[in-house]
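Source file: run.cif (mmCIF, C-alpha atoms and all ligand atoms)
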```cif
data_start
loop_
_atom_site.label_atom_id
_atom_site.label_comp_id
_atom_site.auth_asym_id
_atom_site.auth_seq_id
_atom_site.Cartn_x
_atom_site.Cartn_y
_atom_site.Cartn_z
CA MET A 1 -15.73 20.71 19.05
CA ILE A 2 -12.79 18.45 18.21
CA ILE A 3 -9.73 18.68 20.47
CA ALA A 4 -6.53 17.04 19.17
CA VAL A 5 -3.84 16.24 21.73
CA ASP A 6 -0.55 14.94 20.32
CA GLY A 7 2.85 14.32 21.81
CA PRO A 8 5.48 11.72 22.67
CA THR A 9 5.11 8.93 25.18
CA ALA A 10 4.83 9.91 28.88
CA SER A 11 4.53 13.61 28.03
CA GLY A 12 1.28 13.83 29.98
CA LYS A 13 -0.92 13.97 26.87
CA GLY A 14 -3.17 11.12 28.01
CA THR A 15 -3.80 12.69 31.43
CA ILE A 16 -4.45 16.05 29.80
CA ALA A 17 -6.78 14.61 27.16
CA LYS A 18 -8.80 12.75 29.79
CA ALA A 19 -9.08 15.87 31.94
CA LEU A 20 -10.14 18.00 28.96
CA ALA A 21 -12.80 15.45 28.06
CA ALA A 22 -14.19 15.47 31.60
CA HIS A 23 -14.06 19.27 31.84
CA PHE A 24 -15.76 19.97 28.51
CA GLY A 25 -18.10 16.95 28.63
CA LEU A 26 -16.69 15.25 25.53
CA PRO A 27 -15.97 11.58 24.75
CA HIS A 28 -12.28 10.65 24.69
CA LEU A 29 -10.27 8.22 22.56
CA ASP A 30 -6.73 7.18 23.46
CA THR A 31 -5.59 6.24 19.95
CA GLY A 32 -2.33 4.75 21.26
CA LEU A 33 -4.44 1.92 22.66
CA LEU A 34 -5.46 0.91 19.13
CA TYR A 35 -1.82 0.59 18.07
CA ARG A 36 -1.07 -1.22 21.33
CA ALA A 37 -3.87 -3.71 20.59
CA VAL A 38 -2.40 -4.38 17.14
CA GLY A 39 1.05 -4.83 18.70
CA ARG A 40 -0.34 -7.17 21.34
CA GLN A 41 -2.16 -9.22 18.73
CA VAL A 42 1.11 -9.68 16.83
CA GLN A 43 2.87 -10.60 20.06
CA LEU A 44 0.16 -13.15 20.94
CA ALA A 45 0.61 -14.75 17.53
CA GLY A 46 4.37 -14.93 18.12
CA GLY A 47 4.93 -12.78 15.02
CA ASN A 48 7.42 -10.12 14.05
CA PRO A 49 5.96 -6.57 14.36
CA ASP A 50 8.26 -5.36 11.58
CA ASP A 51 6.41 -7.62 9.11
CA ALA A 52 3.79 -5.38 7.45
CA HIS A 53 1.51 -8.30 6.43
CA LEU A 54 1.36 -9.76 9.91
CA ALA A 55 0.81 -6.33 11.43
CA LEU A 56 -2.03 -5.59 9.01
CA ALA A 57 -3.72 -8.92 9.79
CA ALA A 58 -3.51 -8.02 13.50
CA CYS A 59 -5.63 -4.88 12.92
CA ASP A 60 -8.58 -7.25 13.11
CA PHE A 61 -8.12 -7.58 16.88
CA PRO A 62 -11.19 -8.28 19.04
CA ASP A 63 -12.54 -5.19 20.86
CA SER A 64 -12.24 -7.01 24.20
CA LEU A 65 -8.45 -6.73 23.83
CA LEU A 66 -8.75 -2.98 24.41
CA ASP A 67 -9.70 -3.64 28.05
CA ASP A 68 -6.64 -5.79 28.75
CA ASP A 69 -4.26 -4.06 31.20
CA ILE A 70 -1.31 -5.69 29.53
CA LEU A 71 -1.68 -3.16 26.72
CA ARG A 72 -0.15 -0.58 29.10
CA SER A 73 3.10 -2.51 29.51
CA GLU A 74 6.40 -1.20 28.12
CA GLU A 75 6.83 -4.35 26.09
CA VAL A 76 3.51 -3.94 24.28
CA GLY A 77 4.36 -0.23 23.85
CA GLY A 78 7.47 -1.31 21.95
CA TYR A 79 5.41 -3.60 19.70
CA ALA A 80 2.91 -0.76 19.15
CA SER A 81 5.66 1.60 18.08
CA ARG A 82 6.94 -0.97 15.56
CA VAL A 83 3.58 -1.88 14.01
CA SER A 84 2.62 1.79 13.75
CA VAL A 85 5.39 2.37 11.20
CA HIS A 86 3.47 0.43 8.50
CA PRO A 87 1.27 2.67 6.31
CA ALA A 88 -1.22 -0.21 5.85
CA VAL A 89 -1.73 -0.41 9.62
CA ARG A 90 -2.27 3.35 9.86
CA ARG A 91 -4.78 3.20 7.00
CA ALA A 92 -6.63 0.30 8.64
CA LEU A 93 -7.03 2.25 11.89
CA TYR A 94 -7.87 5.57 10.20
CA GLU A 95 -11.66 5.20 9.75
CA ARG A 96 -12.28 4.19 13.33
CA GLN A 97 -10.44 7.25 14.64
CA ARG A 98 -11.96 9.58 12.05
CA ALA A 99 -15.50 8.42 12.87
CA PHE A 100 -14.82 8.99 16.57
CA ALA A 101 -13.58 12.51 15.85
CA LEU A 102 -16.60 13.36 13.69
CA GLN A 103 -19.31 12.19 16.10
CA GLU A 104 -21.95 14.75 16.90
CA GLY A 105 -20.95 17.13 19.65
CA GLY A 106 -17.25 16.56 19.13
CA ALA A 107 -14.55 14.58 20.88
CA VAL A 108 -11.08 14.62 22.39
CA LEU A 109 -8.50 12.33 20.77
CA ASP A 110 -4.91 11.87 21.85
CA GLY A 111 -2.08 10.30 19.90
CA ARG A 112 0.72 11.24 17.52
CA ASP A 113 -1.05 12.35 14.35
CA ILE A 114 -4.46 13.61 15.44
CA GLY A 115 -3.81 17.24 14.51
CA THR A 116 -1.88 16.36 11.35
CA VAL A 117 -3.79 13.40 9.84
CA ILE A 118 -6.87 12.22 11.74
CA ALA A 119 -8.55 15.57 12.43
CA PRO A 120 -6.58 18.45 10.91
CA GLU A 121 -9.73 20.56 11.18
CA ALA A 122 -9.78 20.25 15.00
CA LEU A 123 -10.75 23.51 16.68
CA VAL A 124 -7.97 23.11 19.24
CA LYS A 125 -4.66 21.33 18.67
CA LEU A 126 -2.26 20.80 21.55
CA PHE A 127 1.25 19.41 21.25
CA VAL A 128 2.35 18.19 24.66
CA THR A 129 6.05 17.60 25.31
CA ALA A 130 8.50 17.14 28.18
CA SER A 131 12.21 16.32 28.33
CA VAL A 132 13.23 12.68 27.85
CA THR A 133 14.73 12.63 31.34
CA GLU A 134 11.52 13.86 32.94
CA ARG A 135 9.36 11.47 30.91
CA ALA A 136 11.61 8.56 31.90
CA ARG A 137 11.38 9.63 35.55
CA ARG A 138 7.56 9.71 35.39
CA ARG A 139 7.37 6.31 33.71
CA TRP A 140 9.82 4.88 36.26
CA LEU A 141 7.78 6.25 39.18
CA GLU A 142 4.58 4.86 37.69
CA MET A 143 6.10 1.41 37.15
CA THR A 144 7.82 1.29 40.52
CA GLY A 145 4.49 2.30 42.06
CA ARG A 146 2.93 -0.74 40.42
CA GLY A 147 5.60 -2.93 41.98
CA ILE A 148 7.63 -3.41 38.78
CA THR A 149 11.40 -3.34 39.27
CA VAL A 150 13.09 -1.57 36.39
CA ASP A 151 16.20 0.56 35.76
CA LEU A 152 15.71 4.24 35.04
CA GLU A 153 18.40 4.05 32.33
CA VAL A 154 16.56 1.21 30.58
CA ILE A 155 13.34 3.24 30.56
CA GLU A 156 15.13 6.31 29.26
CA ALA A 157 16.78 4.36 26.44
CA ASP A 158 13.44 2.78 25.52
CA ILE A 159 11.68 6.15 25.43
CA ALA A 160 14.46 7.65 23.30
CA ALA A 161 14.20 4.72 20.85
CA ARG A 162 10.43 5.10 20.67
CA ASP A 163 10.74 8.88 20.04
CA GLU A 164 13.25 8.22 17.29
CA ARG A 165 10.95 5.71 15.56
CA ASP A 166 7.82 7.87 15.95
CA THR A 167 9.55 11.03 14.74
CA ASN A 168 11.43 9.58 11.79
CA ARG A 169 8.88 7.22 10.21
CA ALA A 170 7.83 8.23 6.71
CA ASP A 171 4.06 7.94 7.28
CA ALA A 172 2.45 10.34 9.77
CA PRO A 173 5.57 11.08 11.84
CA LEU A 174 5.19 12.65 15.25
CA ARG A 175 5.05 16.41 14.56
CA ALA A 176 3.27 19.41 15.99
CA ALA A 177 0.43 20.27 13.59
CA PRO A 178 0.44 23.73 12.04
CA GLY A 179 -1.28 26.05 14.49
CA ALA A 180 -0.86 23.67 17.44
CA ALA A 181 -0.26 25.19 20.85
CA LEU A 182 2.90 23.83 22.44
CA LEU A 183 2.60 22.71 26.05
CA ASP A 184 5.89 21.73 27.69
CA THR A 185 5.07 19.90 30.92
CA THR A 186 8.69 19.29 32.04
CA THR A 187 8.43 21.60 35.04
CA LEU A 188 4.65 21.46 35.50
CA GLY A 189 2.77 19.39 38.04
CA ARG A 190 -0.24 17.38 36.92
CA ASP A 191 -2.81 20.02 37.96
CA GLU A 192 -0.79 22.88 36.46
CA ALA A 193 -0.53 21.06 33.13
CA ILE A 194 -4.27 20.37 33.11
CA ALA A 195 -5.08 23.99 34.01
CA ALA A 196 -2.84 25.25 31.19
CA ALA A 197 -4.57 22.94 28.69
CA ILE A 198 -8.05 23.98 29.84
CA ALA A 199 -7.03 27.65 29.53
CA GLU A 200 -5.80 27.03 25.98
CA VAL A 201 -9.08 25.40 24.95
CA ALA A 202 -11.14 28.10 26.69
CA ALA A 203 -9.20 30.77 24.78
CA HIS A 204 -10.13 29.09 21.49
CA ILE A 205 -13.79 28.84 22.42
CA ALA A 206 -13.81 32.52 23.37
O1 LIG A 301 0.56 6.78 23.13
P1 LIG A 301 1.07 5.37 23.33
O2 LIG A 301 2.42 5.32 23.99
O3 LIG A 301 0.08 4.48 23.97
O4 LIG A 301 1.27 4.81 21.84
C1 LIG A 301 1.94 3.60 21.60
C2 LIG A 301 2.60 3.68 20.23
O5 LIG A 301 1.59 3.73 19.22
C3 LIG A 301 3.45 4.93 20.00
O6 LIG A 301 4.80 4.76 20.33
C4 LIG A 301 3.29 5.22 18.53
O7 LIG A 301 4.29 4.55 17.80
C5 LIG A 301 1.97 4.60 18.16
N1 LIG A 301 0.92 5.58 17.92
C6 LIG A 301 0.86 6.16 16.66
N2 LIG A 301 -0.14 7.03 16.36
C7 LIG A 301 -1.05 7.37 17.28
C8 LIG A 301 -1.00 6.81 18.58
C9 LIG A 301 0.03 5.93 18.87
O8 LIG A 301 1.68 5.87 15.81
N3 LIG A 301 -2.04 8.21 16.94
#
```
Same coordinates, now as structure tokens:
Amino acid sequence: MIIAVDGPTASGKGTIAKALAAHFGLPHLDTGLLYRAVGRQVQLAGGNPDDAHLALAACDFPDSLLDDDILRSEEVGGYASRVSVHPAVRRALYERQRAFALQEGGAVLDGRDIGTVIAPEALVKLFVTASVTERARRRWLEMTGRGITVDLEVIEADIAARDERDTNRADAPLRAAPGAALLDTTTLGRDEAIAAAIAEVAAHIA
């Protein structure tokens, strides 16, 4: 069984995907991490993420980079969003994601284009959203909790810019796949959102 979980940044899709994987005993891939690793590799080289050639060369990142906590930073997230615009980068990362989706027994993948491009045949497709204000609040709480001082307005502007880029790029824009179940987590707590996602998957299995 393939479960595709798509949605914008800080919508709760990662938490939901991880919980679904644990509940249904499936391996999980956070595909955003791959784009973050490419972005980080460009950053390490001091390059411009808008340069398609540099971004493509960075797709050759070492696997050890995926374990680096710095990938979770807002700054690397911004680089990831910029390198992910290039079709050549998306093509370079396609096979790895596709192979993960097709492994025996199935898998849970979360990202932006899992239900539309990577695994359109997924048995269950979820599109997880929440308001920009709520997503900014969550990200702010998470960062403040980690001891990072940051303005809520700055986070909100950054999230809005990222949404704009992800939604309006020509190649694999952020969209709900046909047949995807919409899960708006704006007013849901963590456990409620997870329970709603599990119920959605269970309904498909039944
Ligand atoms: O999900 P996360 O915030 O970690 O993703 C970082 C960036 O990588 C996103 O803003 C998006 O531009 C890009 N991305 C993508 N396709 C995916 C996953 C992430 O374009 N499947």
Using 9 Å as the limit and counting only C-alpha atoms and all ligand atoms, can you tabulate each residue of chain A that touches ligand LIG 301 (chain A), with its shortest atom-to-atom distance in Å and the two atoms involved, as CSV?
```
residue,atom,partner,partner_atom,distance
A:Asp6,CA,A:LIG301,N3,7.7
A:Gly7,CA,A:LIG301,O1,8.0
A:Pro8,CA,A:LIG301,O1,7.0
A:Thr9,CA,A:LIG301,O2,4.7
A:Ala10,CA,A:LIG301,O2,7.1
A:Lys13,CA,A:LIG301,O1,8.2
A:Gly14,CA,A:LIG301,O1,7.5
A:Asp30,CA,A:LIG301,O1,7.3
A:Thr31,CA,A:LIG301,C8,4.8
A:Gly32,CA,A:LIG301,C9,3.6
A:Leu33,CA,A:LIG301,O3,5.4
A:Leu34,CA,A:LIG301,C8,7.4
A:Tyr35,CA,A:LIG301,O5,4.8
A:Arg36,CA,A:LIG301,C1,5.7
A:Gly39,CA,A:LIG301,O5,8.6
A:Leu71,CA,A:LIG301,O3,8.3
A:Arg72,CA,A:LIG301,O3,7.2
A:Glu74,CA,A:LIG301,O2,8.7
A:Val76,CA,A:LIG301,C1,8.2
A:Gly77,CA,A:LIG301,C1,5.1
A:Gly78,CA,A:LIG301,O6,6.8
A:Tyr79,CA,A:LIG301,C2,7.8
A:Ala80,CA,A:LIG301,C2,4.6
A:Ser81,CA,A:LIG301,O7,3.3
A:Arg82,CA,A:LIG301,O7,6.5
A:Val83,CA,A:LIG301,O7,7.5
A:Ser84,CA,A:LIG301,O8,4.7
A:Val85,CA,A:LIG301,O8,6.9
A:Arg90,CA,A:LIG301,O8,7.6
A:Gln97,CA,A:LIG301,N3,8.8
A:Leu109,CA,A:LIG301,N3,8.6
A:Asp110,CA,A:LIG301,N3,6.8
A:Gly111,CA,A:LIG301,N3,3.6
A:Arg112,CA,A:LIG301,N3,4.1
A:Asp113,CA,A:LIG301,N3,5.0
A:Ile114,CA,A:LIG301,N3,6.1
A:Val117,CA,A:LIG301,N3,9.0
A:Ile118,CA,A:LIG301,N3,8.2
A:Ile159,CA,A:LIG301,O6,8.7
A:Arg162,CA,A:LIG301,O6,5.7
A:Asp163,CA,A:LIG301,O6,7.2
A:Arg165,CA,A:LIG301,O7,7.1
A:Asp166,CA,A:LIG301,O7,5.2
A:Thr167,CA,A:LIG301,O7,8.9
A:Ala172,CA,A:LIG301,O8,7.6
A:Pro173,CA,A:LIG301,O8,7.6
A:Leu174,CA,A:LIG301,O8,7.7
```
Excluding same-chain residues fewer than 2 positions from Leu54 in chain A, what lies within 12 Å of it counting all atoms listed in the file, as a list in words?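 Returned residues: Val38, Gly39, Arg40, Gln41, Val42, Gln43, Leu44, Ala45, Gly46, Gly47, Asn48, Pro49, Asp50, Asp51, Ala52, Leu56, Ala57, Ala58, Cys59, Asp60, Phe61, Arg82, Val83, His86, Ala88 and Val89 of chain A.
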Output file for the residues above (C-alpha atoms, as a PDB file, in the coordinates of the input):
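Saved to again.pdb:
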```pdb
ATOM      1  CA  VAL A  38      -2.400  -4.380  17.140  1.00  0.00           C
ATOM      2  CA  GLY A  39       1.050  -4.830  18.700  1.00  0.00           C
ATOM      3  CA  ARG A  40      -0.340  -7.170  21.340  1.00  0.00           C
ATOM      4  CA  GLN A  41      -2.160  -9.220  18.730  1.00  0.00           C
ATOM      5  CA  VAL A  42       1.110  -9.680  16.830  1.00  0.00           C
ATOM      6  CA  GLN A  43       2.870 -10.600  20.060  1.00  0.00           C
ATOM      7  CA  LEU A  44       0.160 -13.150  20.940  1.00  0.00           C
ATOM      8  CA  ALA A  45       0.610 -14.750  17.530  1.00  0.00           C
ATOM      9  CA  GLY A  46       4.370 -14.930  18.120  1.00  0.00           C
ATOM     10  CA  GLY A  47       4.930 -12.780  15.020  1.00  0.00           C
ATOM     11  CA  ASN A  48       7.420 -10.120  14.050  1.00  0.00           C
ATOM     12  CA  PRO A  49       5.960  -6.570  14.360  1.00  0.00           C
ATOM     13  CA  ASP A  50       8.260  -5.360  11.580  1.00  0.00           C
ATOM     14  CA  ASP A  51       6.410  -7.620   9.110  1.00  0.00           C
ATOM     15  CA  ALA A  52       3.790  -5.380   7.450  1.00  0.00           C
ATOM     16  CA  LEU A  56      -2.030  -5.590   9.010  1.00  0.00           C
ATOM     17  CA  ALA A  57      -3.720  -8.920   9.790  1.00  0.00           C
ATOM     18  CA  ALA A  58      -3.510  -8.020  13.500  1.00  0.00           C
ATOM     19  CA  CYS A  59      -5.630  -4.880  12.920  1.00  0.00           C
ATOM     20  CA  ASP A  60      -8.580  -7.250  13.110  1.00  0.00           C
ATOM     21  CA  PHE A  61      -8.120  -7.580  16.880  1.00  0.00           C
ATOM     22  CA  ARG A  82       6.940  -0.970  15.560  1.00  0.00           C
ATOM     23  CA  VAL A  83       3.580  -1.880  14.010  1.00  0.00           C
ATOM     24  CA  HIS A  86       3.470   0.430   8.500  1.00  0.00           C
ATOM     25  CA  ALA A  88      -1.220  -0.210   5.850  1.00  0.00           C
ATOM     26  CA  VAL A  89      -1.730  -0.410   9.620  1.00  0.00           C
TER      27      VAL A  89
END
```
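Going from CA of Arg137 in chain A over to CA of Thr149 in chain A, you cover 13.5 Å.
Checking A:Asp158, A:Glu104, A:Glu75, A:Asp68 one by one against Pro27 in chain A, counting all atoms listed in the file, you find the shortest gap at A:Glu104.
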May I ask for the distance between CA of Leu152 in chain A and CA of Glu134 in chain A, given in Å to one decimal place?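 Computing it gives 10.7 Å between the two atoms.
Residue nearest Ile148 in chain A within the list A:Ala101, A:Ser73, A:Asp191, A:Ile205: A:Ser73 [criterion: smallest interatomic distance, only C-alpha atoms].
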Quick one, how far is CA of Ala119 in chain A from CA of Phe100 in chain A?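 Separation of CA of Ala119 in chain A and CA of Phe100 in chain A: 10.0 Å.
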Identify the residues within 12 Å of coordinate (-13.5, 17.6, 29.2) (same frame as the file), considering all atoms listed in the file, and give the answer as a PDB file with C-alpha atoms, in the frame of the given file.
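This is the output file point.pdb:
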```pdb
ATOM      1  CA  MET A   1     -15.730  20.710  19.050  1.00  0.00           C
ATOM      2  CA  ILE A   2     -12.790  18.450  18.210  1.00  0.00           C
ATOM      3  CA  ILE A   3      -9.730  18.680  20.470  1.00  0.00           C
ATOM      4  CA  THR A  15      -3.800  12.690  31.430  1.00  0.00           C
ATOM      5  CA  ILE A  16      -4.450  16.050  29.800  1.00  0.00           C
ATOM      6  CA  ALA A  17      -6.780  14.610  27.160  1.00  0.00           C
ATOM      7  CA  LYS A  18      -8.800  12.750  29.790  1.00  0.00           C
ATOM      8  CA  ALA A  19      -9.080  15.870  31.940  1.00  0.00           C
ATOM      9  CA  LEU A  20     -10.140  18.000  28.960  1.00  0.00           C
ATOM     10  CA  ALA A  21     -12.800  15.450  28.060  1.00  0.00           C
ATOM     11  CA  ALA A  22     -14.190  15.470  31.600  1.00  0.00           C
ATOM     12  CA  HIS A  23     -14.060  19.270  31.840  1.00  0.00           C
ATOM     13  CA  PHE A  24     -15.760  19.970  28.510  1.00  0.00           C
ATOM     14  CA  GLY A  25     -18.100  16.950  28.630  1.00  0.00           C
ATOM     15  CA  LEU A  26     -16.690  15.250  25.530  1.00  0.00           C
ATOM     16  CA  PRO A  27     -15.970  11.580  24.750  1.00  0.00           C
ATOM     17  CA  HIS A  28     -12.280  10.650  24.690  1.00  0.00           C
ATOM     18  CA  LEU A  29     -10.270   8.220  22.560  1.00  0.00           C
ATOM     19  CA  GLY A 106     -17.250  16.560  19.130  1.00  0.00           C
ATOM     20  CA  ALA A 107     -14.550  14.580  20.880  1.00  0.00           C
ATOM     21  CA  VAL A 108     -11.080  14.620  22.390  1.00  0.00           C
ATOM     22  CA  LEU A 109      -8.500  12.330  20.770  1.00  0.00           C
ATOM     23  CA  ILE A 194      -4.270  20.370  33.110  1.00  0.00           C
ATOM     24  CA  ALA A 195      -5.080  23.990  34.010  1.00  0.00           C
ATOM     25  CA  ALA A 197      -4.570  22.940  28.690  1.00  0.00           C
ATOM     26  CA  ILE A 198      -8.050  23.980  29.840  1.00  0.00           C
ATOM     27  CA  ALA A 199      -7.030  27.650  29.530  1.00  0.00           C
ATOM     28  CA  VAL A 201      -9.080  25.400  24.950  1.00  0.00           C
ATOM     29  CA  ALA A 202     -11.140  28.100  26.690  1.00  0.00           C
TER      30      ALA A 202
END
```
Non-local contacts of Ile155 in chain A (9 Å; only C-alpha atoms; under 5 positions in same chain excluded) as number ranges by chain: A: 74, 136-137, 139-140, 150, 160
